[in-house]
Amino acid sequence: MLRIDNLTKRYKTGDTALKSVDLEIPRGQVLALIGPSGAGKSTLIRCVNRLVEPTEGKVSLDGLELTTLGTGELRRARRRMGMIFQEYALVERLSVMENVLSGRLGYVSFWRSFTRRFPQEDVTEAYRLLERVGLDHMADKRADELSGGQRQRVGICRALIQDPALLLVDEPTASLDPKTSRQIMRLICELCAERDLAAIINIHDVLLAQMFARRIVGLQLGEIVYDGDPDGLTADKLTLIYGEEDWEATIEKVDDEDDESSVEAELEAAL
Amino acid sequence: MSAKQQGELKVWQRRTPIQHWLNWAGWFIAVAIFVYCWQLVSDKTVWMFVWDAPSQASDMASRMVPPKWSYMSSLWRPVWDTINIATLGTMMAVVMAFPVAFLAARNTTPSVRFVRPVALFIIVSSRSINSLLWALMLVSIIGPGILAGVIAIGLRSIGFCAKLLYEAIEEIDESQVEAIVATGASGTQILNFGIVPQILPAFAGISVFRWDINIRESTVLGLVGAGGIGLQLNASINTVSWTQVSVILLVILATVIVSEWVSARVRHAII
């Protein structure tokens with residue numbers, strides 16, 4: 001469904017963030033993109049919805065070539081790609097409801113959005129989504145009154161109300177505690193399964209990636225160095241992605257995957 | 001910063017010896033310039049007039065008391081005019097400063113090379129001319145009266161408000177804007193949902209702050225015939241009625257104290 005061909009990004013400073021990356025993601029697949037800081041994970045997903053303009057290469061969504069679209073067409077294409085951010089990126093001074101409804105901006109006219117008279121279907125859907133993530137009683141709170149986990153749930157609602165085909169998720173758990181991180185990852189994966197959504201999830205945490213994603217792609221210095229199952233991620237592969245380190249502890253935890261409480265305990269101990 | 005090896009010890013000093021001497025020389029030159037300037041001023045002052053300043057001042061003070069309180073009855077109207085000049089002038093300035101600020105801010109201007117310099121020029125030219133000078137020109141263009149005062153205050157304040165506002169716009173959190181862009185929102189929707197909520201507190205604070213300054217500025221506009229309490233002040237000084245002058249100065253003091261109190265309360269309520 002999403003097809004990335006020969007994608008290259010060079011920044012004006014001369015840094016090459018991505019070196020001819022090829023990637024294909026079928027409908028409904030949740031993919032975790034792992035790699036060290038500066039490997040180009042954020043650049044990759046931002047090149048898909050063109051928050052960052054790719055230098056070379058093609059990105060197509062359901063056969064629609066995204067890299068050559070004009071402004072208006074790009075806006076229409078962006079409606080089909082929901083994005084979730086590391087620091088939540090909610091508009092702090094707007095209410096939770098306004099933040100969720102801002103996901104519909106691509107569908108409503110300026111005047112309707114300016115006067116906050118969104119169509120009733122959108123409002124109904126917003127309440128349904130907030131209820132799904134357990135925040136329906138918070139609709140009129142201001143976004144900056146919420147805790148980190150709650151904000152990320154609102155961020156998820158904002159992405160889902162776009163009715164997207166693809167979720168672009170940038171470090172969803174980097175600002176959250178271990179327990180909330182797992183809850184948020186589980187929520188994203190459940191919602192993707194419910195709606196048959198594809199997702200690219202950037203994540204540092206190898207353990208979380210292995211627990212929740214069925215496919216893992218490892219990026220190192222702008223190149224894909226691993227693409228496969230979570231189980232195939234051996235110490236050698238991790239060294240290839242991140243560099244030399246003792247990976248035994250990380251790999252042991254994968255074996256305990258079904259036994260959640262012990263993973264939790266080890267996580268706590270690791271911190 | 002300089003580290004020096006003295007046998008076993010590593011000695012740290014804030015400056016290297018050269019920096020130390022340069023620092024000393026800098027201070028020496030500054031003091032020398034001050035002494036020289038002081039001498040220039042002293043040579044051009046007729047000290048005879050200065051020596052009797054205390055007796056002149058006490059003489060004027062004695063002629064100012066007791067304030068002629070009965071004069072108050074003819075001051076209510078000019079005080080009301082003064083407040084109106086400040087308020088209407090500020091409103092006019094705020095309405096015009098809003099678009100100018102968006103054109104001047106680096107992250108929202110349509111063109112850094114062509115539009116931004118024009119906006120900056122508007123800001124600089126408005127700020128470089130004192131409101132008393134604006135009033136002087138406007139009185140000769142549109143005649144004496146309150147209207148000239150309102151426009152003078154307005155023109156002077158555009159630059160002030162626009163400058164502070166564009167600095168606020170340049171300091172917004174870009175990730176919130178990015179999130180709105182990613183939903184497929186149009187340019188005006190991005191402004192309305194992503195940028196305006198972030199600068200609203202600054203905008204309100206700046207407006208109230210400028211209103212507070214304008215109350216003070218509009219008290220002197222009458223000196224050049226642009227309405228307000230300055231007209232009475234000018235007339236009283238010309239007729240050497242010092243007891244009336246003291247009433248006017250007390251009224252101005254009271255008005256300014258009230259306006260400061262109001263603006264402090266309003267700013268506190270908003271932020």
# chains A, B, ... in the order shown; residues from 1 in each chain; ligands from 1
$ residues_around --residues "A:Trp111" --least-positions-apart "5" --cutoff "10 Å" --atoms "only C-alpha atoms" --output "PyMOL selection string"
(chain A and resi 116-118) or (chain B and resi 188-189)
$ residues_around --residues "stretch 171-187 of chain B" --least-positions-apart "6" --cutoff "8 Å" --atoms "only C-alpha atoms" --output "list in words"
Asn49, Leu51, Leu74, Arg75, Arg76, Ala77, Arg78, Arg79, Met81, Gly82, Met83, Phe85, Ala89, Leu90, Val91, Ser102, Gly103, Arg104, Leu105, Gly106, Phe110, Ala159 and Gln162 of chain A; Phe193, Gly194, Ile195, Gln198 and Ile199 of chain B
$ residues_around --residues "A:Asp170" --least-positions-apart "4" --cutoff "12 Å" --atoms "only C-alpha atoms" --output "VMD selection string"
(chain A and resid 32 to 34 40 to 46 82 to 89 152 155 to 156 174 to 175 185 199 to 204) or (chain B and resid 175 179)
$ residues_around --residues "stretch 58-65 of chain B" --least-positions-apart "4" --cutoff "6 Å" --atoms "only C-alpha atoms" --output "list in words"
Trp242, Thr243 and Ser246 of chain B
$ atom_distance --atom1 "atom CA of B:Cys161" --atom2 "atom CA of A:Glu98"
28.4 Å
$ closest_residue --among "B:Asp52, B:Glu8, B:Glu260, B:Asp81" --to "B:Ile146" --atoms "only C-alpha atoms"
B:Asp81
$ closest_residue --among "B:Lys163, B:Ala86, B:Leu250, B:Ile151" --to "B:Leu103" --atoms "only C-alpha atoms"
B:Lys163
$ select_by_dssp --residues "stretch 52-184 of chain B" --states "helix (DSSP H, G or I)" --output "VMD selection string"
chain B and resid 53 to 64 69 to 74 76 to 104 115 to 128 131 to 142 146 to 170 174 to 182
$ write_last_selection --atoms "C-alpha atoms" --output "short mmCIF file (atom, residue, chain, number, x, y, z; two decimals), in the first residue's frame"
data_model
loop_
_atom_site.label_atom_id
_atom_site.label_comp_id
_atom_site.auth_asym_id
_atom_site.auth_seq_id
_atom_site.Cartn_x
_atom_site.Cartn_y
_atom_site.Cartn_z
CA ALA B 53 18.18 75.79 41.68
CA PRO B 54 17.08 74.73 45.18
CA SER B 55 15.69 78.16 45.99
CA GLN B 56 13.97 78.35 42.53
CA ALA B 57 12.44 74.92 43.03
CA SER B 58 11.20 75.68 46.52
CA ASP B 59 9.80 78.98 45.22
CA MET B 60 7.82 77.16 42.48
CA ALA B 61 6.67 74.52 44.95
CA SER B 62 5.42 77.20 47.33
CA ARG B 63 3.41 78.78 44.52
CA MET B 64 1.90 75.37 43.65
CA TRP B 69 -9.27 71.87 44.09
CA SER B 70 -12.21 73.82 42.65
CA TYR B 71 -10.47 73.54 39.27
CA MET B 72 -11.29 69.81 39.30
CA SER B 73 -14.82 70.47 38.05
CA SER B 74 -13.47 71.57 34.66
CA TRP B 76 -13.32 65.65 34.35
CA ARG B 77 -14.03 66.09 30.67
CA PRO B 78 -10.34 66.39 29.61
CA VAL B 79 -9.44 63.32 31.72
CA TRP B 80 -12.20 61.35 29.97
CA ASP B 81 -10.87 62.55 26.60
CA THR B 82 -7.34 61.49 27.55
CA ILE B 83 -8.48 57.98 28.44
CA ASN B 84 -10.46 57.76 25.21
CA ILE B 85 -7.49 58.88 23.12
CA ALA B 86 -5.34 56.18 24.70
CA THR B 87 -7.97 53.45 24.37
CA LEU B 88 -9.08 54.17 20.81
CA GLY B 89 -5.48 54.73 19.70
CA THR B 90 -4.43 51.41 21.20
CA MET B 91 -7.33 49.58 19.54
CA MET B 92 -6.43 51.08 16.19
CA ALA B 93 -2.77 50.13 16.64
CA VAL B 94 -3.54 46.57 17.73
CA VAL B 95 -5.80 45.91 14.74
CA MET B 96 -3.13 47.13 12.33
CA ALA B 97 -0.17 45.58 14.17
CA PHE B 98 -1.67 42.06 13.99
CA PRO B 99 -1.23 41.53 10.22
CA VAL B 100 2.06 43.48 10.16
CA ALA B 101 3.49 41.16 12.82
CA PHE B 102 2.64 38.06 10.75
CA LEU B 103 4.30 39.63 7.71
CA ALA B 104 7.41 40.48 9.76
CA VAL B 115 7.56 41.25 2.24
CA ARG B 116 9.53 41.08 5.49
CA PRO B 117 11.64 44.22 4.85
CA VAL B 118 8.47 46.21 4.10
CA ALA B 119 6.87 45.07 7.35
CA LEU B 120 10.05 45.83 9.28
CA PHE B 121 10.18 49.29 7.69
CA ILE B 122 6.61 49.99 8.84
CA ILE B 123 7.60 48.93 12.35
CA VAL B 124 10.78 51.01 12.45
CA SER B 125 9.21 54.16 11.01
CA SER B 126 6.31 53.95 13.45
CA ARG B 127 8.66 53.47 16.40
CA SER B 128 11.23 56.10 15.45
CA SER B 131 3.84 60.34 19.51
CA LEU B 132 4.23 64.06 20.32
CA LEU B 133 5.83 64.55 16.88
CA TRP B 134 3.13 62.46 15.20
CA ALA B 135 0.56 64.69 16.96
CA LEU B 136 2.36 67.86 15.87
CA MET B 137 2.19 66.78 12.22
CA LEU B 138 -1.37 65.48 12.43
CA VAL B 139 -2.65 68.67 14.06
CA SER B 140 -1.44 70.62 11.04
CA ILE B 141 -2.89 68.03 8.64
CA ILE B 142 -6.33 67.27 10.12
CA ILE B 146 -9.08 64.44 19.79
CA LEU B 147 -8.99 62.74 16.38
CA ALA B 148 -5.42 63.92 15.79
CA GLY B 149 -4.49 62.54 19.23
CA VAL B 150 -6.09 59.14 18.57
CA ILE B 151 -4.30 58.75 15.24
CA ALA B 152 -0.98 59.93 16.68
CA ILE B 153 -1.18 57.38 19.50
CA GLY B 154 -2.27 54.71 17.02
CA LEU B 155 0.56 55.33 14.57
CA ARG B 156 3.18 55.39 17.32
CA SER B 157 1.89 52.15 18.85
CA ILE B 158 1.72 50.02 15.67
CA GLY B 159 5.47 49.53 15.65
CA PHE B 160 5.69 48.73 19.35
CA CYS B 161 2.87 46.16 19.26
CA ALA B 162 3.96 44.63 15.94
CA LYS B 163 7.58 44.27 17.08
CA LEU B 164 6.75 42.50 20.33
CA LEU B 165 4.11 40.37 18.59
CA TYR B 166 6.39 39.22 15.78
CA GLU B 167 9.01 38.25 18.32
CA ALA B 168 6.34 36.17 20.07
CA ILE B 169 5.39 34.56 16.74
CA GLU B 170 9.01 33.63 16.07
CA GLU B 174 6.89 24.59 15.76
CA SER B 175 5.91 21.02 16.60
CA GLN B 176 2.33 22.14 17.33
CA VAL B 177 2.23 23.82 13.94
CA GLU B 178 3.71 20.74 12.30
CA ALA B 179 0.96 18.60 13.80
CA ILE B 180 -1.72 20.84 12.28
CA VAL B 181 0.06 20.88 8.90
CA ALA B 182 0.15 17.08 8.95
#
$ select_by_dssp --residues "stretch 47-240 of chain A" --states "strand (DSSP E)" --output "number ranges by chain"
A: 56-61, 64-65, 81-84, 166-170, 198-202, 215-220, 223-228
$ write_last_selection --atoms "C-alpha atoms" --output "PDB file, in the first residue's frame"
ATOM      1  CA  GLU A  56      15.322  12.123  -4.599  1.00  0.00           C
ATOM      2  CA  GLY A  57      13.132   9.076  -4.945  1.00  0.00           C
ATOM      3  CA  LYS A  58       9.449   8.232  -4.932  1.00  0.00           C
ATOM      4  CA  VAL A  59       6.840   7.668  -2.279  1.00  0.00           C
ATOM      5  CA  SER A  60       3.448   6.354  -3.309  1.00  0.00           C
ATOM      6  CA  LEU A  61       0.331   5.657  -1.270  1.00  0.00           C
ATOM      7  CA  LEU A  64      -0.730   7.835  -5.761  1.00  0.00           C
ATOM      8  CA  GLU A  65       2.696   9.380  -6.241  1.00  0.00           C
ATOM      9  CA  MET A  81      -1.882   9.885   6.776  1.00  0.00           C
ATOM     10  CA  GLY A  82      -2.339  10.407  10.503  1.00  0.00           C
ATOM     11  CA  MET A  83       0.704  11.464  12.475  1.00  0.00           C
ATOM     12  CA  ILE A  84       1.519  10.934  16.156  1.00  0.00           C
ATOM     13  CA  LEU A 166      -1.585   4.944   7.308  1.00  0.00           C
ATOM     14  CA  LEU A 167      -0.262   6.078  10.676  1.00  0.00           C
ATOM     15  CA  LEU A 168       3.119   7.764  10.929  1.00  0.00           C
ATOM     16  CA  VAL A 169       4.220   7.488  14.537  1.00  0.00           C
ATOM     17  CA  ASP A 170       7.327   9.344  15.717  1.00  0.00           C
ATOM     18  CA  ALA A 198      -0.744   0.281   8.341  1.00  0.00           C
ATOM     19  CA  ALA A 199       1.685   2.046  10.663  1.00  0.00           C
ATOM     20  CA  ILE A 200       5.325   3.031  10.758  1.00  0.00           C
ATOM     21  CA  ILE A 201       6.391   3.416  14.374  1.00  0.00           C
ATOM     22  CA  ASN A 202       9.756   5.035  15.112  1.00  0.00           C
ATOM     23  CA  ARG A 215       8.002  -6.503  11.408  1.00  0.00           C
ATOM     24  CA  ILE A 216      11.120  -4.633  12.417  1.00  0.00           C
ATOM     25  CA  VAL A 217      13.252  -2.447  10.209  1.00  0.00           C
ATOM     26  CA  GLY A 218      16.634  -1.299  11.484  1.00  0.00           C
ATOM     27  CA  LEU A 219      18.042   1.929  10.160  1.00  0.00           C
ATOM     28  CA  GLN A 220      21.663   2.922  10.531  1.00  0.00           C
ATOM     29  CA  GLU A 223      20.422   2.869   5.327  1.00  0.00           C
ATOM     30  CA  ILE A 224      18.259  -0.162   6.063  1.00  0.00           C
ATOM     31  CA  VAL A 225      20.464  -2.798   7.696  1.00  0.00           C
ATOM     32  CA  TYR A 226      17.763  -5.117   9.021  1.00  0.00           C
ATOM     33  CA  ASP A 227      14.282  -5.984   7.802  1.00  0.00           C
ATOM     34  CA  GLY A 228      12.556  -8.974   9.322  1.00  0.00           C
TER      35      GLY A 228
END
$ residues_around --residues "B:Ala235" --least-positions-apart "3" --cutoff "10 Å" --atoms "only C-alpha atoms" --output "PyMOL selection string"
chain B and resi 222-223+230-232+238-241+244-245
$ write_last_selection --atoms "N, CA and C atoms" --output "mmCIF file, in the first residue's frame"
data_model
loop_
_atom_site.group_PDB
_atom_site.id
_atom_site.type_symbol
_atom_site.label_atom_id
_atom_site.label_comp_id
_atom_site.auth_asym_id
_atom_site.auth_seq_id
_atom_site.Cartn_x
_atom_site.Cartn_y
_atom_site.Cartn_z
ATOM 1 N N GLY B 222 -1.978 67.219 24.478
ATOM 2 C CA GLY B 222 -2.647 68.518 24.469
ATOM 3 C C GLY B 222 -1.679 69.682 24.307
ATOM 4 N N LEU B 223 -0.413 69.479 24.690
ATOM 5 C CA LEU B 223 0.591 70.541 24.569
ATOM 6 C C LEU B 223 0.708 71.026 23.138
ATOM 7 N N GLY B 230 -3.633 67.648 28.466
ATOM 8 C CA GLY B 230 -2.475 68.487 28.159
ATOM 9 C C GLY B 230 -2.858 69.900 27.748
ATOM 10 N N LEU B 231 -4.043 70.052 27.126
ATOM 11 C CA LEU B 231 -4.526 71.388 26.748
ATOM 12 C C LEU B 231 -4.630 72.280 27.976
ATOM 13 N N GLN B 232 -5.262 71.745 29.040
ATOM 14 C CA GLN B 232 -5.429 72.500 30.279
ATOM 15 C C GLN B 232 -4.078 72.781 30.924
ATOM 16 N N ASN B 238 0.837 78.698 30.789
ATOM 17 C CA ASN B 238 0.934 79.985 30.094
ATOM 18 C C ASN B 238 0.383 81.148 30.922
ATOM 19 N N THR B 239 -0.649 80.850 31.741
ATOM 20 C CA THR B 239 -1.210 81.923 32.569
ATOM 21 C C THR B 239 -0.592 81.935 33.968
ATOM 22 N N VAL B 240 0.501 81.213 34.147
ATOM 23 C CA VAL B 240 1.230 81.129 35.405
ATOM 24 C C VAL B 240 0.326 80.791 36.596
ATOM 25 N N SER B 241 -0.707 79.916 36.351
ATOM 26 C CA SER B 241 -1.579 79.516 37.475
ATOM 27 C C SER B 241 -1.041 78.216 38.054
ATOM 28 N N GLN B 244 -3.257 75.593 39.655
ATOM 29 C CA GLN B 244 -3.992 74.707 38.736
ATOM 30 C C GLN B 244 -3.074 73.611 38.204
ATOM 31 N N VAL B 245 -1.822 74.007 37.900
ATOM 32 C CA VAL B 245 -0.862 73.007 37.393
ATOM 33 C C VAL B 245 -0.723 71.863 38.389
#
